[in-house]
Amino acid sequence: MSAASVKGWCPGALRPMQSGDGLVVRVRPFGGRLDAAQTAGLAYLAERHGNGLIDVTSRANLQIRGVSDTGHRLLLDGLAQLTLLDPDADTESRRNILVTPFWRDGDETQALAAELEEALAGSALELPSKFGFAIDDGRSRVLAGNSADVRIERDPSGGLLVRADGARLGRSVAHGEAVSTALACASWFVASGGAKGGRGRMATHLAAGAELPGALRGEAEAASIMAAARPGLYPQGAMLGVAFGQMPHGTLNRLAGCGHALRMTPWRMVLSEGKRTMPTTAGLITEAYDPALRVIACSGAPRCREAHADTRALAAALAPNLGAAERLHVSGCAKGCAHSGAAAITLVATDAGFDLVRGGSTRDEPILRGLDRDDIVSNPSILLGGH
């Protein structure tokens, strides 16, 4: 049995996942950044060895879709030439790191990311596949709402701290202690029984009663949370949304052609480093309040074998009808791969139609079942409680 057919893994490059359109190969940029040559190279590889579609994931990674078994080996060769490949699948799976895109030249972010990547590569930790780290060391936190189990952050005075997700306070550390303390948190999580059957999250472990040892507890309050990022110009460059988290290879190639590096985000947006004008490339969201930003949709049918419907076509049809405060999640099945949390409106595709959940996730009890796709499009008020 090939690694690609193993269920329950987060996909990687060395351990891809089988989907309805072929293998899904996840690329994890080092330091959360791709230079222009790497960006162009990925666009070429997606066209040459995949079906040309590229996902931008909630873990700040890129996924090349539609790869064949034969093409996978050639794709790996190409990734190695772009220095985007880990030495082995275990190292790759441990390197699950979110990096704030709002770092500036000369600050500590990229150095911390490189040090953490090196430490994880040399570690023998057997972490759950979804266990991750966040380097959110700006003056304001931007990754607080994104999935991570161990967080390197700052306190209000600018000092570094390491905080276990789910703990209100973190431990103050010097720069040279941050990575070792973060790994000590992860080691304690495993040793204290947080990882069971390849699964487990830090916040759940703490909520169940596990207590951090004194050496990992602290009194440091984390810095304030920054307002949610939106498409637009920032001091670091142009933030660009990717509709429903997927683009054709040509869009990525045009971004590379600008000559700017890309910084990845977990918000299905990319930051074109140093760019001072918003591009006009088709398929990119450049308006701060575009309705598509309020909609989450997984790959859906026929791209995913588990999906019961074409989620993105429905999401695109419904986006203009949403209120400014409404957030819609359209899921092709009950797994909720694109969004594990709650949304104002969640539609879950089943073999009998769509189930509707309000104020919950795909795991919650629907208030309506078996809704017809065409009926939803013709009468979207049903989603908001209308008739």
# chains A, B, ... in the order shown; residues from 1 in each chain; ligands from 1
>>> select_by_dssp(residues="segment 152-354 of chain A", states="helix (DSSP H, G or I)", output="number ranges by chain")
A: 175-191, 202-207, 214-216, 243-245, 249-257, 291-294, 311-321
>>> write_last_selection(atoms="C-alpha atoms", output="short mmCIF file (atom, residue, chain, number, x, y, z; two decimals), in the first residue's frame")
data_model
loop_
_atom_site.label_atom_id
_atom_site.label_comp_id
_atom_site.auth_asym_id
_atom_site.auth_seq_id
_atom_site.Cartn_x
_atom_site.Cartn_y
_atom_site.Cartn_z
CA HIS A 175 15.46 35.01 22.06
CA GLY A 176 17.83 32.07 22.54
CA GLU A 177 15.32 30.25 24.76
CA ALA A 178 12.19 30.58 22.63
CA VAL A 179 12.61 27.54 20.38
CA SER A 180 13.90 25.21 23.10
CA THR A 181 10.98 26.21 25.33
CA ALA A 182 8.51 25.65 22.49
CA LEU A 183 9.90 22.15 21.93
CA ALA A 184 9.80 21.48 25.67
CA CYS A 185 6.07 22.31 25.58
CA ALA A 186 5.56 19.87 22.73
CA SER A 187 7.60 17.18 24.51
CA TRP A 188 5.55 17.63 27.69
CA PHE A 189 2.33 17.34 25.65
CA VAL A 190 3.41 13.95 24.31
CA ALA A 191 4.85 12.68 27.61
CA MET A 202 -2.89 21.21 23.29
CA ALA A 203 -5.96 23.27 24.19
CA THR A 204 -8.11 20.14 24.51
CA HIS A 205 -5.44 18.51 26.68
CA LEU A 206 -5.32 21.47 29.05
CA ALA A 207 -9.11 21.78 29.15
CA GLY A 214 6.20 24.92 36.58
CA ALA A 215 9.09 25.31 34.15
CA LEU A 216 6.64 25.91 31.29
CA ALA A 243 -11.35 33.07 -4.05
CA PHE A 244 -12.36 29.91 -2.15
CA GLY A 245 -8.67 29.18 -1.62
CA HIS A 249 -1.37 27.85 -12.23
CA GLY A 250 -1.49 30.86 -14.54
CA THR A 251 -2.50 33.14 -11.66
CA LEU A 252 0.44 31.96 -9.58
CA ASN A 253 2.74 32.40 -12.56
CA ARG A 254 1.57 35.99 -13.04
CA LEU A 255 2.27 36.69 -9.37
CA ALA A 256 5.78 35.32 -9.87
CA GLY A 257 6.23 37.49 -12.94
CA PRO A 291 -18.44 39.09 -0.46
CA ALA A 292 -16.33 36.07 -1.44
CA LEU A 293 -14.17 36.70 1.62
CA ARG A 294 -17.11 35.75 3.82
CA THR A 311 -19.46 23.26 -3.21
CA ARG A 312 -17.66 26.12 -4.93
CA ALA A 313 -20.29 26.72 -7.59
CA LEU A 314 -22.92 26.98 -4.84
CA ALA A 315 -20.69 29.20 -2.71
CA ALA A 316 -20.09 31.58 -5.63
CA ALA A 317 -23.83 31.80 -6.30
CA LEU A 318 -24.65 32.56 -2.65
CA ALA A 319 -21.82 34.99 -1.80
CA PRO A 320 -23.52 38.15 -3.14
CA ASN A 321 -26.61 37.45 -1.02
#
>>> closest_residue(among="A:Asn96, A:Thr265, A:Ser331, A:Thr109", to="Leu34 of chain A", atoms="only C-alpha atoms")
A:Thr265
>>> atom_distance(atom1="atom CA of Thr350 of chain A", atom2="atom CA of Gln18 of chain A")
20.6 Å
>>> residues_around(residues="segment 97-99 of chain A", least_positions_apart="3", cutoff="12 Å", atoms="only C-alpha atoms", output="PyMOL selection string")
chain A and resi 28-33+57-61+92-94+102-103+108-118+120+130-138+141-153+182+263-267
>>> select_by_dssp(residues="segment 155-210 of chain A", states="strand (DSSP E)", output="MDAnalysis selection string")
chainID A and resid 160:164 169:172
>>> write_last_selection(atoms="N, CA, C and O atoms", output="short mmCIF file (atom, residue, chain, number, x, y, z; two decimals), in the first residue's frame")
data_model
loop_
_atom_site.label_atom_id
_atom_site.label_comp_id
_atom_site.auth_asym_id
_atom_site.auth_seq_id
_atom_site.Cartn_x
_atom_site.Cartn_y
_atom_site.Cartn_z
N LEU A 160 9.63 38.54 24.29
CA LEU A 160 9.17 37.26 23.76
C LEU A 160 8.56 36.40 24.86
O LEU A 160 9.00 36.44 26.03
N LEU A 161 7.57 35.61 24.49
CA LEU A 161 7.01 34.62 25.40
C LEU A 161 6.65 33.38 24.62
O LEU A 161 6.45 33.41 23.40
N VAL A 162 6.56 32.25 25.31
CA VAL A 162 6.09 30.99 24.74
C VAL A 162 4.85 30.59 25.50
O VAL A 162 4.86 30.54 26.74
N ARG A 163 3.77 30.32 24.77
CA ARG A 163 2.49 30.02 25.40
C ARG A 163 1.88 28.76 24.82
O ARG A 163 1.81 28.60 23.59
N ALA A 164 1.48 27.85 25.70
CA ALA A 164 0.74 26.67 25.27
C ALA A 164 -0.67 27.10 24.89
O ALA A 164 -1.32 27.84 25.65
N LEU A 169 -1.77 32.66 29.98
CA LEU A 169 -0.49 33.32 30.16
C LEU A 169 0.63 32.47 29.58
O LEU A 169 0.51 31.24 29.48
N GLY A 170 1.73 33.12 29.21
CA GLY A 170 2.88 32.42 28.68
C GLY A 170 4.12 32.66 29.53
O GLY A 170 4.12 33.46 30.46
N ARG A 171 5.18 31.96 29.16
CA ARG A 171 6.46 32.07 29.88
C ARG A 171 7.37 33.05 29.14
O ARG A 171 7.63 32.88 27.94
N SER A 172 7.84 34.07 29.83
CA SER A 172 8.78 35.02 29.24
C SER A 172 10.10 34.32 28.95
O SER A 172 10.60 33.54 29.77
#
>>> closest_residue(among="A:Ile54, A:Ala238, A:Leu371, A:Val173", to="His260 of chain A", atoms="only C-alpha atoms")
A:Ala238
>>> residues_around(residues="segment 227-231 of chain A", least_positions_apart="6", cutoff="9 Å", atoms="only C-alpha atoms", output="list of chain:residue names")
A:Val142, A:Ala238, A:Met239, A:Leu240, A:Gly241, A:Trp267, A:Met269, A:Leu271, A:Met278, A:Ile285, A:Thr286, A:Glu287, A:Ala288, A:Tyr289, A:Asp290, A:Leu293
>>> residues_around(residues="segment 64-73 of chain A", least_positions_apart="5", cutoff="6 Å", atoms="only C-alpha atoms", output="VMD selection string")
chain A and resid 21 to 25 46 49 to 51 53 to 54
>>> closest_residue(among="A:Thr91, A:Thr362, A:Gln236, A:Gln38", to="Leu347 of chain A", atoms="only C-alpha atoms")
A:Thr362
>>> residues_around(residues="Leu76 of chain A", least_positions_apart="5", cutoff="9 Å", atoms="only C-alpha atoms", output="compact mmCIF listing (two decimals) with N, CA and C atoms, in the first residue's frame")
# COMPACT_ATOMS: atom_id res chain seq x y z
N ALA A 13 4.17 16.68 0.78
CA ALA A 13 4.75 16.40 -0.53
C ALA A 13 5.20 14.95 -0.61
N LEU A 14 5.84 14.48 0.46
CA LEU A 14 6.35 13.11 0.49
C LEU A 14 5.26 12.10 0.86
N GLY A 71 3.57 11.00 -12.07
CA GLY A 71 3.96 12.40 -11.98
C GLY A 71 4.48 12.79 -10.61
N GLN A 81 14.63 20.57 -6.41
CA GLN A 81 15.44 21.58 -7.10
C GLN A 81 15.07 22.99 -6.65
N LEU A 85 11.67 20.78 -0.33
CA LEU A 85 11.42 19.41 0.05
C LEU A 85 12.17 19.07 1.33
>>> closest_residue(among="A:Thr280, A:Ser224, A:Ser340, A:Ser123", to="Asp155 of chain A", atoms="only C-alpha atoms")
A:Ser224
>>> atom_distance(atom1="atom CA of Asp375 of chain A", atom2="atom CA of Gly341 of chain A")
25.9 Å
>>> atom_distance(atom1="atom CA of Gly209 of chain A", atom2="atom CA of Pro128 of chain A")
19.3 Å
>>> closest_residue(among="A:Ala301, A:Ile367, A:Ala282, A:Cys258", to="Gly20 of chain A", atoms="only C-alpha atoms")
A:Ala301
>>> residues_around(residues="Pro366 of chain A", least_positions_apart="3", cutoff="6 Å", atoms="only C-alpha atoms", output="ChimeraX atom specification")
/A:355-357
>>> write_last_selection(atoms="N, CA, C and O atoms", output="compact mmCIF listing (two decimals), in the first residue's frame")
# COMPACT_ATOMS: atom_id res chain seq x y z
N ASP A 355 -27.77 19.86 4.29
CA ASP A 355 -28.24 20.12 5.64
C ASP A 355 -27.80 21.52 6.06
O ASP A 355 -26.69 21.95 5.74
N LEU A 356 -28.66 22.23 6.78
CA LEU A 356 -28.39 23.60 7.19
C LEU A 356 -28.16 23.68 8.70
O LEU A 356 -29.02 23.24 9.48
N VAL A 357 -27.02 24.23 9.08
CA VAL A 357 -26.69 24.48 10.48
C VAL A 357 -26.52 25.98 10.66
O VAL A 357 -25.82 26.62 9.88
>>> closest_residue(among="A:Ala352, A:Val330, A:Leu84, A:Ala223", to="Gly370 of chain A", atoms="only C-alpha atoms")
A:Ala352
